[in-house]
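Worksheet for the structure shown next.
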Amino acid sequence: ANRGYRLVSGGTDNHMVLIDLTRQDMTGRRATETLEKVGITVNQNLIPYDPRSARDTSGIRIGSPALTSRGMREAEMELISDLIHRALSAPEDPAVLAAIRGQVMELTEAFPLYQRSYHM
């Protein structure tokens, strides 16, 4: 919200956030494809009274369970929101997207999905 996005869900009171991209003049499909390039998975999603079709929505839905199960907390959420904003602000800039992808990879390596246990 601090970066000009409208949170349709009204805030972060649960693990799902629905973001309206109308102000950014971007479709949910384009946002999803851009974020996929940098290694961030979101879902394109209709917003209430969406003027666009279900195939090319005005919003994206972001969920935090995959992040919290890795052990990420508020600081990492701030970083991820910055990475998302930077990617959506430069969807056609391969250098920017490559740099963001590198940061995403560093973050996921620091917070692996599964902790290996070598105890027998």
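Each chain in the structure tokens gets a letter, A, B, ..., in the order shown, and its residues are numbered from 1; ligands are numbered from 1 in order too.
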Leaving out Met26 in chain A and any residue of its chain fewer than 4 positions from it, which residues lie within 9 Å of it when counting only C-alpha atoms, given as a PDB file with all heavy atoms, in the first residue's frame?
```pdb
ATOM      1  N   LEU A  21      -4.231  -3.863  -9.523  1.00  0.00           N
ATOM      2  CA  LEU A  21      -3.152  -3.277 -10.321  1.00  0.00           C
ATOM      3  C   LEU A  21      -3.637  -2.208 -11.289  1.00  0.00           C
ATOM      4  O   LEU A  21      -2.879  -1.759 -12.149  1.00  0.00           O
ATOM      5  CB  LEU A  21      -2.434  -4.385 -11.103  1.00  0.00           C
ATOM      6  CG  LEU A  21      -1.785  -5.468 -10.259  1.00  0.00           C
ATOM      7  CD1 LEU A  21      -1.319  -6.614 -11.140  1.00  0.00           C
ATOM      8  CD2 LEU A  21      -0.631  -4.886  -9.465  1.00  0.00           C
ATOM      9  N   THR A  22      -4.887  -1.782 -11.147  1.00  0.00           N
ATOM     10  CA  THR A  22      -5.457  -0.810 -12.072  1.00  0.00           C
ATOM     11  C   THR A  22      -4.640   0.484 -12.096  1.00  0.00           C
ATOM     12  O   THR A  22      -4.358   1.027 -13.170  1.00  0.00           O
ATOM     13  CB  THR A  22      -6.920  -0.500 -11.687  1.00  0.00           C
ATOM     14  OG1 THR A  22      -7.637  -1.732 -11.624  1.00  0.00           O
ATOM     15  CG2 THR A  22      -7.569   0.415 -12.695  1.00  0.00           C
ATOM     16  N   ARG A  30      -0.057 -10.077 -16.857  1.00  0.00           N
ATOM     17  CA  ARG A  30       1.290  -9.540 -17.096  1.00  0.00           C
ATOM     18  C   ARG A  30       2.103  -9.525 -15.798  1.00  0.00           C
ATOM     19  O   ARG A  30       3.289  -9.830 -15.795  1.00  0.00           O
ATOM     20  CB  ARG A  30       1.207  -8.137 -17.680  1.00  0.00           C
ATOM     21  CG  ARG A  30       2.570  -7.583 -18.047  1.00  0.00           C
ATOM     22  CD  ARG A  30       2.456  -6.370 -18.930  1.00  0.00           C
ATOM     23  NE  ARG A  30       3.769  -5.925 -19.343  1.00  0.00           N
ATOM     24  CZ  ARG A  30       4.124  -4.665 -19.404  1.00  0.00           C
ATOM     25  NH1 ARG A  30       3.261  -3.720 -19.094  1.00  0.00           N
ATOM     26  NH2 ARG A  30       5.328  -4.332 -19.780  1.00  0.00           N
ATOM     27  N   ALA A  31       1.471  -9.168 -14.697  1.00  0.00           N
ATOM     28  CA  ALA A  31       2.159  -9.154 -13.411  1.00  0.00           C
ATOM     29  C   ALA A  31       2.608 -10.558 -13.028  1.00  0.00           C
ATOM     30  O   ALA A  31       3.751 -10.765 -12.589  1.00  0.00           O
ATOM     31  CB  ALA A  31       1.244  -8.577 -12.330  1.00  0.00           C
ATOM     32  N   SER A  58      -7.493  -7.824 -13.344  1.00  0.00           N
ATOM     33  CA  SER A  58      -6.919  -6.560 -12.879  1.00  0.00           C
ATOM     34  C   SER A  58      -6.143  -6.721 -11.579  1.00  0.00           C
ATOM     35  O   SER A  58      -5.649  -5.743 -11.035  1.00  0.00           O
ATOM     36  CB  SER A  58      -8.025  -5.526 -12.653  1.00  0.00           C
ATOM     37  OG  SER A  58      -8.655  -5.210 -13.865  1.00  0.00           O
ATOM     38  N   GLY A  59      -6.051  -7.941 -11.092  1.00  0.00           N
ATOM     39  CA  GLY A  59      -5.401  -8.113  -9.801  1.00  0.00           C
ATOM     40  C   GLY A  59      -4.532  -9.350  -9.712  1.00  0.00           C
ATOM     41  O   GLY A  59      -4.522 -10.198 -10.606  1.00  0.00           O
ATOM     42  N   LEU A  88       7.549  -5.202 -11.021  1.00  0.00           N
ATOM     43  CA  LEU A  88       6.366  -4.690 -11.708  1.00  0.00           C
ATOM     44  C   LEU A  88       6.594  -3.291 -12.266  1.00  0.00           C
ATOM     45  O   LEU A  88       5.896  -2.876 -13.193  1.00  0.00           O
ATOM     46  CB  LEU A  88       5.156  -4.703 -10.774  1.00  0.00           C
ATOM     47  CG  LEU A  88       4.698  -6.086 -10.309  1.00  0.00           C
ATOM     48  CD1 LEU A  88       3.445  -5.969  -9.445  1.00  0.00           C
ATOM     49  CD2 LEU A  88       4.475  -7.036 -11.481  1.00  0.00           C
TER      50      LEU A  88
END
```
List the spatial neighbours of Asn2 in chain A as a VMD selection string - criterion: any atom at most 12 Å away, only C-alpha atoms, same-chain residues fewer than 3 positions off excluded. chain A and resid 5 to 7 11 78 81 to 82 85
File of the preceding selection, all heavy atoms, as an mmCIF file, in the first residue's frame:
```cif
data_model
loop_
_atom_site.group_PDB
_atom_site.id
_atom_site.type_symbol
_atom_site.label_atom_id
_atom_site.label_comp_id
_atom_site.auth_asym_id
_atom_site.auth_seq_id
_atom_site.Cartn_x
_atom_site.Cartn_y
_atom_site.Cartn_z
ATOM 1 N N TYR A 5 -0.129 0.707 -4.347
ATOM 2 C CA TYR A 5 -1.015 -0.382 -4.724
ATOM 3 C C TYR A 5 -2.240 -0.376 -3.811
ATOM 4 O O TYR A 5 -2.129 -0.082 -2.631
ATOM 5 C CB TYR A 5 -0.303 -1.737 -4.594
ATOM 6 C CG TYR A 5 0.892 -1.861 -5.499
ATOM 7 C CD1 TYR A 5 2.155 -1.474 -5.068
ATOM 8 C CD2 TYR A 5 0.763 -2.364 -6.792
ATOM 9 C CE1 TYR A 5 3.260 -1.582 -5.895
ATOM 10 C CE2 TYR A 5 1.861 -2.477 -7.626
ATOM 11 C CZ TYR A 5 3.106 -2.077 -7.171
ATOM 12 O OH TYR A 5 4.197 -2.181 -7.993
ATOM 13 N N ARG A 6 -3.396 -0.710 -4.387
ATOM 14 C CA ARG A 6 -4.604 -0.807 -3.568
ATOM 15 C C ARG A 6 -4.782 -2.251 -3.133
ATOM 16 O O ARG A 6 -4.863 -3.156 -3.961
ATOM 17 C CB ARG A 6 -5.831 -0.351 -4.350
ATOM 18 C CG ARG A 6 -7.107 -0.327 -3.504
ATOM 19 C CD ARG A 6 -8.268 0.285 -4.261
ATOM 20 N NE ARG A 6 -8.854 -0.627 -5.219
ATOM 21 C CZ ARG A 6 -9.873 -1.448 -4.956
ATOM 22 N NH1 ARG A 6 -10.422 -1.466 -3.749
ATOM 23 N NH2 ARG A 6 -10.347 -2.245 -5.888
ATOM 24 N N LEU A 7 -4.786 -2.453 -1.812
ATOM 25 C CA LEU A 7 -5.027 -3.778 -1.267
ATOM 26 C C LEU A 7 -6.527 -3.968 -1.162
ATOM 27 O O LEU A 7 -7.174 -3.365 -0.313
ATOM 28 C CB LEU A 7 -4.371 -3.936 0.104
ATOM 29 C CG LEU A 7 -2.871 -3.675 0.169
ATOM 30 C CD1 LEU A 7 -2.347 -3.914 1.579
ATOM 31 C CD2 LEU A 7 -2.126 -4.514 -0.844
ATOM 32 N N GLY A 11 -6.065 -4.965 3.842
ATOM 33 C CA GLY A 11 -4.897 -5.015 4.716
ATOM 34 C C GLY A 11 -4.290 -6.397 4.731
ATOM 35 O O GLY A 11 -4.482 -7.179 3.810
ATOM 36 N N GLU A 78 8.923 -7.416 3.943
ATOM 37 C CA GLU A 78 9.240 -6.073 3.425
ATOM 38 C C GLU A 78 10.147 -6.175 2.203
ATOM 39 O O GLU A 78 9.936 -5.485 1.205
ATOM 40 C CB GLU A 78 9.928 -5.234 4.505
ATOM 41 C CG GLU A 78 9.012 -4.767 5.598
ATOM 42 C CD GLU A 78 8.107 -3.638 5.156
ATOM 43 O OE1 GLU A 78 8.449 -2.896 4.209
ATOM 44 O OE2 GLU A 78 7.041 -3.496 5.769
ATOM 45 N N SER A 81 8.140 -7.507 -0.762
ATOM 46 C CA SER A 81 7.248 -6.488 -1.337
ATOM 47 C C SER A 81 8.052 -5.501 -2.179
ATOM 48 O O SER A 81 7.582 -5.053 -3.231
ATOM 49 C CB SER A 81 6.443 -5.772 -0.256
ATOM 50 O OG SER A 81 7.265 -4.963 0.551
ATOM 51 N N ASP A 82 9.278 -5.193 -1.758
ATOM 52 C CA ASP A 82 10.145 -4.312 -2.552
ATOM 53 C C ASP A 82 10.533 -4.992 -3.866
ATOM 54 O O ASP A 82 10.517 -4.355 -4.922
ATOM 55 C CB ASP A 82 11.395 -3.944 -1.754
ATOM 56 C CG ASP A 82 12.301 -3.013 -2.532
ATOM 57 O OD1 ASP A 82 11.836 -1.916 -2.914
ATOM 58 O OD2 ASP A 82 13.472 -3.392 -2.774
ATOM 59 N N HIS A 85 7.538 -4.910 -6.196
ATOM 60 C CA HIS A 85 7.341 -3.563 -6.729
ATOM 61 C C HIS A 85 8.380 -3.231 -7.809
ATOM 62 O O HIS A 85 8.035 -2.706 -8.872
ATOM 63 C CB HIS A 85 7.395 -2.531 -5.599
ATOM 64 C CG HIS A 85 7.374 -1.124 -6.081
ATOM 65 N ND1 HIS A 85 6.276 -0.571 -6.701
ATOM 66 C CD2 HIS A 85 8.337 -0.158 -6.066
ATOM 67 C CE1 HIS A 85 6.553 0.677 -7.042
ATOM 68 N NE2 HIS A 85 7.793 0.945 -6.674
#
```
Helix (DSSP H, G or I) per DSSP on the backbone: members of chain A, as a VMD selection string: chain A and resid 22 to 24 28 to 37 65 to 68 74 to 89 94 to 110
List the spatial neighbours of range 103-106 of chain A as a list in words - criterion: any atom at most 10 Å away, only C-alpha atoms, same-chain residues fewer than 3 positions off excluded. Val38, Gly39, Ile40, Leu79, Ile80, Leu83, Leu97, Ala98, Ala99, Ile100, Glu109, Ala110 and Phe111 of chain A
Generate a file of the selected residues that holds N, CA, C and O atoms, formatted as an mmCIF file, in the first residue's frame.
```
data_model
loop_
_atom_site.group_PDB
_atom_site.id
_atom_site.type_symbol
_atom_site.label_atom_id
_atom_site.label_comp_id
_atom_site.auth_asym_id
_atom_site.auth_seq_id
_atom_site.Cartn_x
_atom_site.Cartn_y
_atom_site.Cartn_z
ATOM 1 N N VAL A 38 11.168 -13.712 -12.264
ATOM 2 C CA VAL A 38 12.126 -13.453 -11.184
ATOM 3 C C VAL A 38 12.037 -14.493 -10.070
ATOM 4 O O VAL A 38 12.731 -14.404 -9.070
ATOM 5 N N GLY A 39 11.170 -15.490 -10.242
ATOM 6 C CA GLY A 39 11.077 -16.562 -9.260
ATOM 7 C C GLY A 39 10.076 -16.334 -8.149
ATOM 8 O O GLY A 39 10.126 -17.002 -7.122
ATOM 9 N N ILE A 40 9.153 -15.402 -8.349
ATOM 10 C CA ILE A 40 8.105 -15.138 -7.364
ATOM 11 C C ILE A 40 6.777 -15.616 -7.944
ATOM 12 O O ILE A 40 6.387 -15.210 -9.038
ATOM 13 N N LEU A 79 11.162 -7.033 2.282
ATOM 14 C CA LEU A 79 12.073 -7.218 1.159
ATOM 15 C C LEU A 79 11.322 -7.765 -0.054
ATOM 16 O O LEU A 79 11.493 -7.271 -1.171
ATOM 17 N N ILE A 80 10.479 -8.748 0.158
ATOM 18 C CA ILE A 80 9.728 -9.345 -0.943
ATOM 19 C C ILE A 80 8.778 -8.330 -1.574
ATOM 20 O O ILE A 80 8.660 -8.264 -2.796
ATOM 21 N N LEU A 83 10.867 -6.278 -3.812
ATOM 22 C CA LEU A 83 11.234 -7.007 -5.029
ATOM 23 C C LEU A 83 10.060 -7.060 -6.000
ATOM 24 O O LEU A 83 10.235 -6.866 -7.213
ATOM 25 N N LEU A 97 15.284 -7.333 -13.969
ATOM 26 C CA LEU A 97 14.658 -8.613 -13.631
ATOM 27 C C LEU A 97 15.712 -9.652 -13.236
ATOM 28 O O LEU A 97 15.494 -10.429 -12.298
ATOM 29 N N ALA A 98 16.866 -9.648 -13.910
ATOM 30 C CA ALA A 98 17.940 -10.589 -13.557
ATOM 31 C C ALA A 98 18.480 -10.304 -12.159
ATOM 32 O O ALA A 98 18.741 -11.230 -11.384
ATOM 33 N N ALA A 99 18.641 -9.025 -11.835
ATOM 34 C CA ALA A 99 19.127 -8.659 -10.494
ATOM 35 C C ALA A 99 18.128 -9.093 -9.424
ATOM 36 O O ALA A 99 18.521 -9.622 -8.374
ATOM 37 N N ILE A 100 16.860 -8.890 -9.690
ATOM 38 C CA ILE A 100 15.824 -9.286 -8.727
ATOM 39 C C ILE A 100 15.809 -10.803 -8.587
ATOM 40 O O ILE A 100 15.721 -11.320 -7.470
ATOM 41 N N GLU A 109 17.598 -19.477 -0.735
ATOM 42 C CA GLU A 109 18.698 -20.294 -0.213
ATOM 43 C C GLU A 109 18.886 -20.060 1.285
ATOM 44 O O GLU A 109 19.226 -20.981 2.028
ATOM 45 N N ALA A 110 18.672 -18.838 1.732
ATOM 46 C CA ALA A 110 18.805 -18.523 3.159
ATOM 47 C C ALA A 110 17.666 -19.117 3.984
ATOM 48 O O ALA A 110 17.825 -19.353 5.184
ATOM 49 N N PHE A 111 16.527 -19.349 3.335
ATOM 50 C CA PHE A 111 15.351 -19.919 3.994
ATOM 51 C C PHE A 111 14.873 -21.130 3.198
ATOM 52 O O PHE A 111 13.870 -21.058 2.487
#
```
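As for CA of Asn14 in chain A and CA of Ala87 in chain A, they are spaced 24.2 Å apart.
Going from CA of Thr32 in chain A over to CA of Thr108 in chain A, you cover 18.8 Å.
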Given only C-alpha atoms as the counted atoms, nearest of A:His15, A:Ala1, A:Ser69, A:Val96 to Pro112 in chain A: A:Ser69
Measure the distance from CA of Glu74 in chain A to CA of Ile62 in chain A in Å and round it to one decimal. 15.0 Å
